[in-house]
>>> print(open('upload22.txt').read())   # compact mmCIF, C-alpha atoms
# COMPACT_ATOMS: atom_id res chain seq x y z
CA MET A 208 -7.76 -65.20 -21.45
CA ALA A 209 -4.23 -66.18 -21.03
CA PHE A 210 -1.62 -63.66 -19.99
CA SER A 211 2.02 -64.37 -20.34
CA GLN A 212 4.12 -63.69 -17.28
CA ALA A 213 7.48 -64.26 -18.92
CA GLY A 214 9.16 -62.00 -21.49
CA GLY A 215 7.50 -63.67 -24.47
CA GLY A 216 4.50 -61.29 -24.80
CA PRO A 217 4.20 -57.89 -26.45
CA SER A 218 6.21 -55.12 -24.75
CA ASN A 219 4.62 -52.01 -23.36
CA PRO A 220 5.20 -48.80 -25.35
CA GLN A 221 7.93 -46.57 -23.85
CA ILE A 222 8.46 -42.89 -24.57
CA ASN A 223 11.85 -41.82 -25.89
CA VAL A 224 12.98 -38.97 -23.62
CA THR A 225 16.20 -38.13 -25.47
CA PRO A 226 14.55 -35.71 -27.97
CA LEU A 227 12.57 -34.15 -25.12
CA ILE A 228 15.77 -33.44 -23.16
CA ASP A 229 17.42 -32.01 -26.29
CA VAL A 230 14.52 -29.62 -26.87
CA LEU A 231 14.55 -28.50 -23.22
CA LEU A 232 18.31 -27.83 -23.31
CA VAL A 233 17.95 -25.77 -26.49
CA LEU A 234 15.12 -23.75 -24.91
CA ILE A 235 17.23 -23.09 -21.80
CA ILE A 236 20.16 -21.90 -23.92
CA VAL A 237 17.92 -19.61 -25.99
CA PHE A 238 16.38 -18.18 -22.83
CA MET A 239 19.82 -17.50 -21.32
CA VAL A 240 20.99 -15.70 -24.47
CA VAL A 241 17.86 -13.54 -24.65
CA VAL A 242 18.09 -12.56 -21.00
CA SER A 243 21.80 -11.70 -21.21
CA MET A 244 21.19 -9.42 -24.22
CA SER A 245 18.46 -7.39 -22.59
CA LYS A 246 19.38 -3.71 -22.29
CA THR A 247 18.25 -3.13 -18.74
CA LYS A 248 20.52 -4.63 -16.13
CA GLY A 249 18.46 -3.75 -13.08
CA LEU A 250 15.46 -1.92 -11.77
CA GLU A 251 15.41 1.80 -11.11
CA ALA A 252 14.49 2.54 -7.52
CA GLN A 253 13.88 5.81 -5.77
CA ILE A 254 15.88 5.64 -2.57
CA PRO A 255 14.87 8.07 0.15
CA GLN A 256 17.53 10.70 0.74
CA PRO A 257 18.42 11.97 4.22
CA ALA A 258 17.18 15.41 5.14
CA PRO A 259 19.73 18.17 4.62
CA ASP A 260 21.40 19.36 7.79
CA ASP A 261 19.96 22.77 8.47
CA THR A 262 22.40 24.22 10.99
CA SER A 263 21.32 27.83 10.54
CA GLN A 264 19.31 29.34 13.37
CA PRO A 265 15.72 30.35 12.63
CA VAL A 266 15.13 34.06 12.23
CA PRO A 267 13.37 35.48 15.28
CA VAL A 268 9.91 36.80 14.51
CA ASP A 269 8.48 39.86 16.23
CA ARG A 270 4.72 39.82 16.66
CA THR A 271 2.45 42.33 18.22
CA ILE A 272 -0.90 41.33 19.66
CA VAL A 273 -3.47 44.07 19.95
CA ILE A 274 -6.77 43.58 21.77
CA GLN A 275 -9.24 46.42 21.37
CA VAL A 276 -12.74 46.56 22.69
CA VAL A 277 -15.00 49.19 21.15
CA CYS A 278 -18.36 50.14 22.50
CA GLY A 279 -21.38 50.97 20.34
CA THR A 280 -20.51 54.65 20.06
CA GLY A 281 -17.22 53.90 18.27
CA ARG A 282 -15.12 55.06 21.16
CA ALA A 283 -12.35 52.74 22.42
CA ARG A 284 -12.81 51.71 26.02
CA LEU A 285 -9.91 49.21 26.42
CA ARG A 286 -6.78 48.67 24.42
CA ILE A 287 -4.03 46.16 25.32
CA SER A 288 -0.91 45.94 23.22
CA ARG A 289 1.87 43.45 23.75
CA SER A 290 4.95 42.67 21.72
CA ILE A 291 6.02 39.00 21.55
CA ARG A 292 9.36 37.85 20.27
CA LYS A 293 9.36 34.27 19.05
CA LYS A 294 12.63 32.35 19.10
>>> encode(input="upload22.txt", output="structure tokens")
Amino acid sequence: MAFSQAGGGPSNPQINVTPLIDVLLVLIIVFMVVVSMSKTKGLEAQIPQPAPDDTSQPVPVDRTIVIQVVCGTGRARLRISRSIRKK
């Protein structure tokens, strides 16, 4: 079991990275071309719009409240009527 320490023994296998780099560069170029030719250039977003300025005054509403109490005979005993104007 003798190991040689000097450069006289068999060399370790080394991977050649030049073809690997070439393939990666080609893939990057193809990816860039495909992305630049895509039809959509951005995303469609629904942006909230501000509420329209409603400067018109609300129409005043007239309401009438009627309270009527009727006894069992069908005759009205108490009737209160009031008109309310809402602004």
>>> atom_distance(input="upload22.txt", atom1="atom CA of Asp269 of chain A", atom2="atom CA of Ser288 of chain A")
13.2 Å
>>> atom_distance(input="upload22.txt", atom1="atom CA of Cys278 of chain A", atom2="atom CA of Ser290 of chain A")
24.5 Å
>>> atom_distance(input="upload22.txt", atom1="atom CA of Gln275 of chain A", atom2="atom CA of Arg289 of chain A")
11.7 Å
